[in-house]
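**Q** protein25.pdb is reproduced in full below (PDB, C-alpha atoms, pLDDT in the B column).
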MODEL        1
ATOM      1  CA  MET I 709       3.829  12.595  13.051  1.00 56.00           C
ATOM      2  CA  SER I 710       5.044  14.023   9.794  1.00 62.00           C
ATOM      3  CA  ILE I 711       6.410  12.719   6.510  1.00 66.00           C
ATOM      4  CA  GLY I 712      10.187  12.618   6.505  1.00 72.00           C
ATOM      5  CA  TYR I 713      13.198  10.390   6.061  1.00 72.00           C
ATOM      6  CA  CYS I 714      13.366   8.211   9.158  1.00 73.00           C
ATOM      7  CA  GLY I 715      13.785   4.553   8.362  1.00 74.00           C
ATOM      8  CA  ARG I 716      14.721   1.396  10.174  1.00 77.00           C
ATOM      9  CA  GLU I 717      17.944   1.042  12.121  1.00 83.00           C
ATOM     10  CA  CYS I 718      21.042   0.119  10.138  1.00 88.00           C
ATOM     11  CA  SER I 719      24.819  -0.036  10.339  1.00 91.00           C
ATOM     12  CA  LYS I 720      25.669  -0.184   6.606  1.00 91.00           C
ATOM     13  CA  ASN I 721      24.085   0.724   3.251  1.00 90.00           C
ATOM     14  CA  GLN I 722      23.484  -2.937   2.303  1.00 88.00           C
ATOM     15  CA  GLU I 723      20.898  -3.247   5.094  1.00 87.00           C
ATOM     16  CA  CYS I 724      18.683  -0.582   3.506  1.00 84.00           C
ATOM     17  CA  PRO I 725      16.166  -1.366   0.745  1.00 79.00           C
ATOM     18  CA  ILE I 726      15.775   0.432  -2.559  1.00 79.00           C
ATOM     19  CA  VAL I 727      12.153   1.336  -3.339  1.00 74.00           C
ATOM     20  CA  ASP I 728      11.683   3.825  -6.186  1.00 69.00           C
ATOM     21  CA  GLY I 729      10.448   7.147  -4.858  1.00 68.00           C
ATOM     22  CA  PHE I 730      10.602   6.059  -1.203  1.00 70.00           C
ATOM     23  CA  SER I 731      14.068   4.883  -0.259  1.00 76.00           C
ATOM     24  CA  GLU I 732      17.592   4.360  -1.392  1.00 78.00           C
ATOM     25  CA  ALA I 733      20.291   2.011  -0.122  1.00 82.00           C
ATOM     26  CA  LYS I 734      21.770   4.647   2.169  1.00 86.00           C
ATOM     27  CA  CYS I 735      22.451   4.354   5.908  1.00 89.00           C
ATOM     28  CA  GLU I 736      22.781   7.751   7.644  1.00 86.00           C
ATOM     29  CA  LYS I 737      23.273   8.250  11.377  1.00 83.00           C
ATOM     30  CA  GLY I 738      22.216   4.660  12.083  1.00 86.00           C
ATOM     31  CA  ARG I 739      18.953   4.862  10.067  1.00 83.00           C
ATOM     32  CA  CYS I 740      18.013   3.926   6.503  1.00 84.00           C
ATOM     33  CA  HIS I 741      17.152   6.912   4.314  1.00 82.00           C
ATOM     34  CA  GLU I 742      13.457   5.977   3.798  1.00 80.00           C
ATOM     35  CA  LYS I 743      10.414   8.211   3.364  1.00 76.00           C
ATOM     36  CA  ASN I 744       8.116   7.421   6.300  1.00 73.00           C
ATOM     37  CA  TRP I 745       5.699   8.835   8.836  1.00 70.00           C
ATOM     38  CA  CYS I 746       8.183  10.024  11.457  1.00 72.00           C
ATOM     39  CA  PRO I 747       7.655  10.782  15.136  1.00 67.00           C
ATOM     40  CA  PRO I 748       8.495  14.290  16.316  1.00 67.00           C
ATOM     41  CA  ALA I 749      12.175  14.710  17.213  1.00 66.00           C
ATOM     42  CA  ASN I 750      11.251  15.390  20.842  1.00 64.00           C
ATOM     43  CA  ALA I 751       8.767  12.511  21.189  1.00 63.00           C
ATOM     44  CA  SER I 752       8.827  11.150  24.725  1.00 64.00           C
ATOM     45  CA  LYS I 753       6.090   8.522  24.345  1.00 65.00           C
ATOM     46  CA  ILE I 754       5.449   5.820  21.774  1.00 62.00           C
ATOM     47  CA  TYR I 755       1.892   4.557  21.340  1.00 65.00           C
ATOM     48  CA  ASP I 756       0.944   1.192  19.877  1.00 69.00           C
ATOM     49  CA  ILE I 757      -2.154   0.975  17.704  1.00 73.00           C
ATOM     50  CA  ILE I 758      -4.049  -2.125  18.741  1.00 78.00           C
ATOM     51  CA  GLY I 759      -5.998  -3.886  16.001  1.00 84.00           C
ATOM     52  CA  ILE I 760      -4.266  -2.119  13.094  1.00 84.00           C
ATOM     53  CA  ASP I 761      -4.575  -5.330  11.057  1.00 86.00           C
ATOM     54  CA  LYS I 762      -8.369  -4.869  11.136  1.00 89.00           C
ATOM     55  CA  ILE I 763      -8.347  -1.323   9.727  1.00 88.00           C
ATOM     56  CA  GLN I 764     -10.476  -1.282   6.563  1.00 90.00           C
ATOM     57  CA  LEU I 765      -9.400   0.470   3.366  1.00 90.00           C
ATOM     58  CA  PHE I 766     -11.453   1.380   0.302  1.00 89.00           C
ATOM     59  CA  LEU I 767      -9.419   1.023  -2.918  1.00 89.00           C
ATOM     60  CA  MET I 768     -11.115   1.438  -6.278  1.00 84.00           C
ATOM     61  CA  PRO I 769      -9.282   1.602  -9.596  1.00 86.00           C
ATOM     62  CA  ILE I 770     -10.773   3.919 -12.222  1.00 84.00           C
ATOM     63  CA  VAL I 771      -9.473   3.799 -15.794  1.00 84.00           C
ATOM     64  CA  ASP I 772     -10.389   5.916 -18.819  1.00 83.00           C
ATOM     65  CA  PHE I 773      -9.514   4.967 -22.383  1.00 80.00           C
ATOM     66  CA  PRO I 774      -9.129   8.329 -24.175  1.00 81.00           C
ATOM     67  CA  GLY I 775      -8.910   8.072 -27.937  1.00 79.00           C
ATOM     68  CA  MET I 776     -10.118   4.457 -27.878  1.00 79.00           C
ATOM     69  CA  SER I 777     -13.534   4.591 -26.277  1.00 78.00           C
ATOM     70  CA  LYS I 778     -15.852   6.648 -24.095  1.00 78.00           C
ATOM     71  CA  PHE I 779     -15.911   3.656 -21.747  1.00 79.00           C
ATOM     72  CA  THR I 780     -14.688   4.252 -18.174  1.00 82.00           C
ATOM     73  CA  TYR I 781     -13.852   1.262 -16.002  1.00 79.00           C
ATOM     74  CA  ARG I 782     -14.663   1.538 -12.310  1.00 81.00           C
ATOM     75  CA  GLY I 783     -13.557  -1.472 -10.295  1.00 78.00           C
ATOM     76  CA  GLY I 784     -16.180  -2.702  -7.866  1.00 70.00           C
ATOM     77  CA  SER I 785     -19.086  -0.746  -6.439  1.00 62.00           C
ATOM     78  CA  THR I 786     -19.106   2.930  -5.464  1.00 64.00           C
ATOM     79  CA  LYS I 787     -22.048   2.394  -3.100  1.00 70.00           C
ATOM     80  CA  GLU I 788     -20.730  -0.421  -0.906  1.00 76.00           C
ATOM     81  CA  PHE I 789     -17.562  -2.316  -0.148  1.00 79.00           C
ATOM     82  CA  VAL I 790     -16.947  -5.483  -2.120  1.00 87.00           C
ATOM     83  CA  TRP I 791     -14.665  -7.421   0.196  1.00 90.00           C
ATOM     84  CA  TYR I 792     -11.465  -9.212  -0.709  1.00 93.00           C
ATOM     85  CA  PRO I 793     -11.022 -12.014  -1.902  1.00 93.00           C
ATOM     86  CA  ASP I 794     -13.750 -11.147  -4.435  1.00 91.00           C
ATOM     87  CA  PRO I 795     -11.925 -10.493  -7.756  1.00 88.00           C
ATOM     88  CA  PHE I 796     -13.592  -7.055  -7.973  1.00 87.00           C
ATOM     89  CA  ALA I 797     -12.914  -6.158  -4.344  1.00 89.00           C
ATOM     90  CA  THR I 798     -12.835  -2.547  -3.172  1.00 88.00           C
ATOM     91  CA  GLY I 799     -12.638  -3.347   0.553  1.00 90.00           C
ATOM     92  CA  TYR I 800      -9.437  -4.634   2.116  1.00 93.00           C
ATOM     93  CA  THR I 801      -8.110  -4.894   5.639  1.00 94.00           C
ATOM     94  CA  VAL I 802      -4.499  -4.080   6.427  1.00 93.00           C
ATOM     95  CA  LYS I 803      -4.102  -7.801   7.173  1.00 94.00           C
ATOM     96  CA  ASP I 804      -5.370  -8.664   3.638  1.00 96.00           C
ATOM     97  CA  LEU I 805      -2.855  -6.310   2.019  1.00 95.00           C
ATOM     98  CA  LEU I 806       0.028  -7.577   4.149  1.00 95.00           C
ATOM     99  CA  SER I 807      -0.917 -11.147   3.256  1.00 95.00           C
ATOM    100  CA  LEU I 808      -0.958 -10.272  -0.460  1.00 96.00           C
ATOM    101  CA  ALA I 809       2.568  -8.881  -0.003  1.00 95.00           C
ATOM    102  CA  GLY I 810       3.649 -12.111   1.714  1.00 95.00           C
ATOM    103  CA  SER I 811       4.122 -10.291   5.015  1.00 93.00           C
ATOM    104  CA  THR I 812       2.596 -10.043   8.497  1.00 91.00           C
ATOM    105  CA  ILE I 813       1.667  -7.336  10.984  1.00 89.00           C
ATOM    106  CA  ASP I 814       4.329  -8.617  13.399  1.00 88.00           C
ATOM    107  CA  LYS I 815       7.079  -7.890  10.877  1.00 88.00           C
ATOM    108  CA  HIS I 816       6.051  -4.218  10.632  1.00 84.00           C
ATOM    109  CA  ALA I 817       4.643  -3.509  14.110  1.00 78.00           C
ATOM    110  CA  ASP I 818       7.682  -1.569  15.368  1.00 74.00           C
ATOM    111  CA  GLN I 819       8.984   0.250  12.297  1.00 73.00           C
ATOM    112  CA  GLY I 820       6.033   0.274   9.881  1.00 78.00           C
ATOM    113  CA  GLY I 821       6.538  -0.298   6.173  1.00 81.00           C
ATOM    114  CA  VAL I 822       6.077   1.063   2.688  1.00 83.00           C
ATOM    115  CA  PHE I 823       3.997  -0.935   0.216  1.00 89.00           C
ATOM    116  CA  ARG I 824       3.127  -0.553  -3.449  1.00 90.00           C
ATOM    117  CA  ILE I 825      -0.429  -1.474  -4.410  1.00 93.00           C
ATOM    118  CA  GLN I 826      -0.983  -2.024  -8.115  1.00 93.00           C
ATOM    119  CA  PHE I 827      -4.128  -2.969 -10.025  1.00 91.00           C
ATOM    120  CA  LEU I 828      -3.855  -4.758 -13.370  1.00 91.00           C
ATOM    121  CA  ILE I 829      -6.967  -4.014 -15.423  1.00 89.00           C
ATOM    122  CA  ASP I 830      -7.667  -5.992 -18.614  1.00 90.00           C
ATOM    123  CA  CYS I 831     -10.625  -4.609 -20.598  1.00 87.00           C
ATOM    124  CA  ASN I 832     -12.319  -5.134 -23.911  1.00 86.00           C
ATOM    125  CA  VAL I 833     -13.370  -1.519 -24.498  1.00 80.00           C
ATOM    126  CA  ASP I 834     -15.925  -2.532 -27.142  1.00 83.00           C
ATOM    127  CA  SER I 835     -17.900  -4.872 -24.880  1.00 85.00           C
ATOM    128  CA  GLY I 836     -16.988  -3.353 -21.518  1.00 81.00           C
ATOM    129  CA  ASP I 837     -15.908  -6.752 -20.173  1.00 87.00           C
ATOM    130  CA  CYS I 838     -13.050  -6.313 -17.720  1.00 87.00           C
ATOM    131  CA  SER I 839     -11.029  -8.234 -15.198  1.00 89.00           C
ATOM    132  CA  GLN I 840      -8.809  -6.871 -12.480  1.00 89.00           C
ATOM    133  CA  GLU I 841      -6.018  -8.206 -10.298  1.00 92.00           C
ATOM    134  CA  ILE I 842      -4.330  -6.608  -7.316  1.00 93.00           C
ATOM    135  CA  SER I 843      -0.624  -6.869  -6.564  1.00 94.00           C
ATOM    136  CA  VAL I 844       0.975  -5.704  -3.311  1.00 95.00           C
ATOM    137  CA  LYS I 845       4.738  -5.475  -2.831  1.00 93.00           C
ATOM    138  CA  GLU I 846       6.901  -4.393   0.064  1.00 87.00           C
TER     139      GLU I 846
ENDMDL
END
Here is the file; what I need is its structure written in the form of structure tokens.

**A**
Amino acid sequence: MSIGYCGRECSKNQECPIVDGFSEAKCEKGRCHEKNWCPPANASKIYDIIGIDKIQLFLMPIVDFPGMSKFTYRGGSTKEFVWYPDPFATGYTVKDLLSLAGSTIDKHADQGGVFRIQFLIDCNVDSGDCSQEISVKE
């Protein structure tokens, strides 16, 4: 596998999504022009990953406030996972992230997908009180 432009099957540009930095509404040689993990050109076998929805990811936002404060916000714990749906979660499964995007593993099992994960951090730099929200989009 390597990073390249090998997206889902298409017959016209309108079938291809636009995702900044990852894809454009362009159908070339029957495939959308999307940045993806691509199989080798001479791949003779396709392997399914069983249980991919249970894969665990560690995501921790870290924010500095230069010029405002010496305070650094670190979401969650660096020593252990804090599991979603805790508001300060650092541990997510692929299934959690797909659910937050309003999607399912079945929708992406054959072709994969590209997702944007964004943390919204709201801090009072004087007191150090912070809240965080996660947003996931396809």

**Q** Around the point (-17.5, -8.3, -18.3) in the file's coordinates, collect all residues with an atom within 12 Å, using all atoms listed in the file, and return them as a PyMOL selection string.

**A** chain I and resi 781-784+796+829-840

**Q** Decode the PyMOL selection byres ((chain I and resi 714) around 8) for the given file into explicit residues and return them as a list in words.

**A**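 Expected selection for the PyMOL selection byres ((chain I and resi 714) around 8) here is Gly712, Tyr713, Gly715, Arg716, Arg739, Cys740, His741, Glu742, Lys743, Asn744, Trp745 and Cys746 of chain I.
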
**Q** Between I:Pro774, I:Thr798, I:Asp804, I:Pro769, which is the closest to I:Phe827 once you count all atoms listed in the file?

**A**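 Using all atoms listed in the file, I:Phe827 sits closest to I:Pro769.
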
**Q** Looking at I:Val727, I:Ile763, I:Cys718, I:Ala797, which one is nearest to I:Arg824, with distances taken over all atoms listed in the file?

**A**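 Nearest to I:Arg824: I:Val727.
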
**Q** Which residues are near I:Leu805? Cut-off 9 Å, only C-alpha atoms, ignore same chain within fewer than 6 positions. Put them as a PDB file with C-alpha atoms, keeping the file's coordinate frame.

**A**
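So part-v4.pdb came out as:
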ATOM      1  CA  SER I 811       4.122 -10.291   5.015  1.00 93.00           C
ATOM      2  CA  PHE I 823       3.997  -0.935   0.216  1.00 89.00           C
ATOM      3  CA  ILE I 825      -0.429  -1.474  -4.410  1.00 93.00           C
ATOM      4  CA  SER I 843      -0.624  -6.869  -6.564  1.00 94.00           C
ATOM      5  CA  VAL I 844       0.975  -5.704  -3.311  1.00 95.00           C
TER       6      VAL I 844
END

**Q** Atom CA of I:Cys735 and atom CA of I:Gln722, how far apart in Å?

**A**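 We find that atom CA of I:Gln722 and atom CA of I:Cys735 lie 8.2 Å from each other.
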
**Q** Quick one: distance from atom CA of I:Phe766 to atom CA of I:Ala817 in Å, one decimal?

**A**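 Distance between the two atoms: 21.8 Å.
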
**Q** Could you tell me which of I:Leu767, I:Ile726, I:Tyr792, I:Phe779 comes closest to I:Glu846 if we count all atoms listed in the file?

**A**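 Nearest to I:Glu846: I:Ile726.
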
**Q** As JSON, please report the centre and edge lengths, rounded to one decimal in Å, of the axis-aligned box that holds all listed atoms of stretch 816-825 of chain I with 3 Å of padding on each of the six sides.

**A**
{"center_x": 4.3, "center_y": -1.6, "center_z": 5.5, "size_x": 15.4, "size_y": 11.3, "size_z": 25.8}

**Q** If you measure from atom CA of I:Leu806 to atom CA of I:Ile760, what distance in Å do you get, rounded to one decimal?

**A**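 Computing it gives 11.3 Å between the two atoms.
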
**Q** Which of these, I:Gln819, I:Ser731, I:Thr801, I:Thr780, has the shortest distance to I:Leu765 once you count only C-alpha atoms?

**A**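 Ranked by minimum distance to I:Leu765, first place goes to I:Thr801.
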
**Q** Between I:Glu723, I:Glu841, I:Glu717, I:Glu736, which is the closest to I:Pro795 once you count all atoms listed in the file?

**A**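 Smallest distance to I:Pro795 is found for I:Glu841.
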
**Q** Ranking I:Met776, I:Lys803, I:Val790, I:Pro725 by minimum distance to I:Asp761 and counting all atoms listed in the file, which one comes first?

**A** I:Lys803

**Q** Fewer than 3 positions away in the same chain doesn't count, so skip those; otherwise give me all residues within 6 Å of I:Asn721, counting all atoms listed in the file, as a list of chain:residue names.

**A**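 Everything that qualifies: I:Cys724, I:Ala733, I:Lys734, I:Cys735.
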